[in-house]
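What follows is one structure encoded as structure tokens, with my remarks underneath.
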Amino acid sequence: MMAMAPRLDLRQSQTLVMTPQLRQAIKLLQFSNIEVNAFVEEEMERNPLLERDDISDAPIGERAAVDQIEPRVSPAGDSADAAGAESLPAEAAAPLDIDNSNTYDPGGVSDGASLGGRMDGGGGSHSFDGDERGIDDFAGGERSLRDQLGEQLRLNFDDPVERIVGAHLIALLCPAGRLTAEPAAIAKAMGLPLERVEAVRARMMRFDPVGLFAVSLKECLAAQLAELNRLDPAMQTLLENLDLLAKRENRKLMALCEVDAEDLTDMIAEIRALDPKPGATFDSTPPQLVVPDLLMRQTPDGEWIIELNPETMPRVLVNERFYAKVVPQAKKDEKVFLTERLANANWLVRSLQQRAQTILKVAAEIVRQQEAFLRLGVAHLRPLILRDIAEAVELHESTVSRVTANKYIATPRGTFELKYFFTTAIHGTDGGDSHSAEAVRYRIRGLIDLEPVTDVLSDDAIVAVLRREGVDIARRTVAKYREALHIPNSVQRRREKTVPA
């Protein structure tokens, strides 16, 4: 029998610890150029040794962070060579190309670290001497929907109780202009008769824009038609059967409304001219324009040149001359602070440079593999997955995923997210080449757009056409792609084309 006793053993093992700098480097790789720009601005506020490269000729002693690399991509060229990127030191290049899904992250959220960034603001001036704004710059912006309704409420109602009811209805409007509660519930909550609340609501439904304060789509459209004096019995019947209109059941609608095809077409055209969400045009933020992170153009000899967008990519300098001038005269704690700031500044410079080179390397390989799409169109988009790019550029698949996240590239065919070029494969018939799912969806839309009125294609007919073209696809897959494109089925399309509306 073996005796059990305590003992000490020495074991050597390798583990990866997520340092704060490594966490920031991974974040930088996943950020878009605009997000990186904001991050650099915050770092410049904290670090006196960092400054933006606003001039083309930087003095000696100051080092640029990112070189504008212009990789040339030819059909037979290797993307890693085409990127033209020099290798970085091991300590700068190695950390990003890792799979950190199972690594311990000390100081992270699990250890109680804060999720947020700086909340103290910063910047600004206490003087108005440099304020060049004119009086036009202080003009009021567009008035909100609730401001306009509040003014109309004061002009149309004198009774204080009715004004309180109206203000409560305005507060219950959703962004589309509908009420978020039933009138009966509103009356009960306010301790008023339902008839009084409904009387106020009926008058407010004629406010500008007409159709607000409705509880349903039918009521919203009916209010707008009544304002136009077009709410006749036939139109009322059509509003009662909006479900049939959505299904293109035009023959049933003609029988219910007792109108012919021409009258029904005019009635449907009138309904389509109405606004189903009259409140949506107010209080809406303008759509954000997509700013590309990468730019590409074609040279006369047919090669592609890719570069980071200089308008959004920050260029940072480390002012080593200032450091050398201040450190000899600084106190001990000041020297420690400046040395730490210098190390952080050098790390940021290396990280930005490595990020730029990694993005360009991955983008160059994507362009090389999807060159047919860039030259000939969506129909020639080839199947592509992250593993294909990762193996070609010798990076980890997770690194490629971070590089392609939130990044847009401006191509001669438009601006696309890098993720757009990755599509699943659909097998070809008789062992032929695979086809991109996006290209197949594009082909389905093309077939339906060109179908004649007398020969509407069913899903089975589309399957037959695609199989003749070498695409091995099932009918349910065609139906799924068609629904994703918001295209009705063949029965509804046939009804719509038989009785145009």
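If you're wondering about the labels, chains in the structure tokens are A, B, ... by order shown, residues count from 1 in each chain, ligands from 1 in order shown.
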### Task
Find the spatial neighbours of stretch 407-411 of chain A, counting only C-alpha atoms, within a cut-off of 6 Å - ignore same-chain residues fewer than 2 positions away - and output them as a PyMOL selection string.
chain A and resi 32+292-296+404-405+413-418
Take the residues that were just selected and, keeping N, CA, C and O atoms, output them as a PDB file, in the first residue's frame.
ATOM      1  N   SER A  32     -13.633  50.274 -37.279  1.00  0.00           N
ATOM      2  CA  SER A  32     -13.572  50.940 -38.571  1.00  0.00           C
ATOM      3  C   SER A  32     -12.624  52.131 -38.461  1.00  0.00           C
ATOM      4  O   SER A  32     -12.187  52.500 -37.365  1.00  0.00           O
ATOM      5  N   PRO A 292     -16.240  54.771 -46.734  1.00  0.00           N
ATOM      6  CA  PRO A 292     -15.393  53.591 -46.974  1.00  0.00           C
ATOM      7  C   PRO A 292     -14.084  53.681 -46.210  1.00  0.00           C
ATOM      8  O   PRO A 292     -13.488  54.752 -46.077  1.00  0.00           O
ATOM      9  N   ASP A 293     -13.644  52.541 -45.706  1.00  0.00           N
ATOM     10  CA  ASP A 293     -12.347  52.459 -45.036  1.00  0.00           C
ATOM     11  C   ASP A 293     -11.233  52.193 -46.038  1.00  0.00           C
ATOM     12  O   ASP A 293     -10.064  52.507 -45.756  1.00  0.00           O
ATOM     13  N   LEU A 294     -11.587  51.605 -47.173  1.00  0.00           N
ATOM     14  CA  LEU A 294     -10.614  51.262 -48.207  1.00  0.00           C
ATOM     15  C   LEU A 294     -11.063  51.838 -49.543  1.00  0.00           C
ATOM     16  O   LEU A 294     -12.263  51.889 -49.834  1.00  0.00           O
ATOM     17  N   LEU A 295     -10.109  52.251 -50.337  1.00  0.00           N
ATOM     18  CA  LEU A 295     -10.367  52.761 -51.676  1.00  0.00           C
ATOM     19  C   LEU A 295      -9.622  51.902 -52.679  1.00  0.00           C
ATOM     20  O   LEU A 295      -8.497  51.441 -52.406  1.00  0.00           O
ATOM     21  N   MET A 296     -10.237  51.664 -53.815  1.00  0.00           N
ATOM     22  CA  MET A 296      -9.547  50.895 -54.857  1.00  0.00           C
ATOM     23  C   MET A 296      -9.843  51.503 -56.218  1.00  0.00           C
ATOM     24  O   MET A 296     -10.901  52.088 -56.451  1.00  0.00           O
ATOM     25  N   THR A 404     -12.480  42.018 -41.413  1.00  0.00           N
ATOM     26  CA  THR A 404     -13.597  42.265 -42.335  1.00  0.00           C
ATOM     27  C   THR A 404     -14.826  42.820 -41.628  1.00  0.00           C
ATOM     28  O   THR A 404     -15.806  43.167 -42.301  1.00  0.00           O
ATOM     29  N   ALA A 405     -14.815  42.906 -40.302  1.00  0.00           N
ATOM     30  CA  ALA A 405     -15.971  43.427 -39.576  1.00  0.00           C
ATOM     31  C   ALA A 405     -15.972  44.950 -39.625  1.00  0.00           C
ATOM     32  O   ALA A 405     -14.944  45.594 -39.388  1.00  0.00           O
ATOM     33  N   ARG A 413     -17.807  49.248 -58.664  1.00  0.00           N
ATOM     34  CA  ARG A 413     -19.201  48.794 -58.711  1.00  0.00           C
ATOM     35  C   ARG A 413     -20.000  49.264 -57.500  1.00  0.00           C
ATOM     36  O   ARG A 413     -21.142  48.851 -57.313  1.00  0.00           O
ATOM     37  N   GLY A 414     -19.419  50.116 -56.685  1.00  0.00           N
ATOM     38  CA  GLY A 414     -20.124  50.638 -55.521  1.00  0.00           C
ATOM     39  C   GLY A 414     -19.348  50.356 -54.253  1.00  0.00           C
ATOM     40  O   GLY A 414     -18.251  49.763 -54.266  1.00  0.00           O
ATOM     41  N   THR A 415     -19.916  50.796 -53.135  1.00  0.00           N
ATOM     42  CA  THR A 415     -19.290  50.596 -51.832  1.00  0.00           C
ATOM     43  C   THR A 415     -19.906  49.383 -51.160  1.00  0.00           C
ATOM     44  O   THR A 415     -21.127  49.291 -51.004  1.00  0.00           O
ATOM     45  N   PHE A 416     -19.071  48.434 -50.756  1.00  0.00           N
ATOM     46  CA  PHE A 416     -19.539  47.181 -50.173  1.00  0.00           C
ATOM     47  C   PHE A 416     -18.823  46.943 -48.851  1.00  0.00           C
ATOM     48  O   PHE A 416     -17.654  47.333 -48.679  1.00  0.00           O
ATOM     49  N   GLU A 417     -19.540  46.295 -47.927  1.00  0.00           N
ATOM     50  CA  GLU A 417     -18.874  45.811 -46.723  1.00  0.00           C
ATOM     51  C   GLU A 417     -18.033  44.591 -47.101  1.00  0.00           C
ATOM     52  O   GLU A 417     -18.415  43.785 -47.962  1.00  0.00           O
ATOM     53  N   LEU A 418     -16.877  44.457 -46.465  1.00  0.00           N
ATOM     54  CA  LEU A 418     -16.006  43.332 -46.802  1.00  0.00           C
ATOM     55  C   LEU A 418     -16.697  42.000 -46.560  1.00  0.00           C
ATOM     56  O   LEU A 418     -16.409  41.007 -47.238  1.00  0.00           O
TER      57      LEU A 418
END
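Using only C-alpha atoms, the nearest neighbour of A:Ile268 within the list A:Ile306, A:Arg11, A:Glu496, A:Gln369 is A:Glu496.
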#### Entry: Neighbour list for A:Asp275 as a PyMOL selection string, cut-off 10 Å, only C-alpha atoms, skip fewer than 6 positions in-chain
chain A and resi 209-211+217+220-221+224+281
I need the chosen residues saved as a PDB file, in the first residue's frame, with C-alpha atoms.
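See out.pdb below for the written result:
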ATOM      1  CA  PRO A 209     -50.585  65.681 -40.873  1.00  0.00           C
ATOM      2  CA  VAL A 210     -53.933  63.956 -41.232  1.00  0.00           C
ATOM      3  CA  GLY A 211     -54.200  60.383 -39.978  1.00  0.00           C
ATOM      4  CA  LEU A 217     -54.021  51.158 -40.466  1.00  0.00           C
ATOM      5  CA  CYS A 220     -55.443  56.000 -40.489  1.00  0.00           C
ATOM      6  CA  LEU A 221     -56.188  55.607 -44.209  1.00  0.00           C
ATOM      7  CA  GLN A 224     -56.896  60.712 -44.953  1.00  0.00           C
ATOM      8  CA  THR A 281     -41.468  61.850 -41.444  1.00  0.00           C
TER       9      THR A 281
END
### Query
Contacts of stretch 463-471 of chain A at 12 Å or less, counting only C-alpha atoms, minus same-chain residues fewer than 4 places along, as a count of residues only?
32
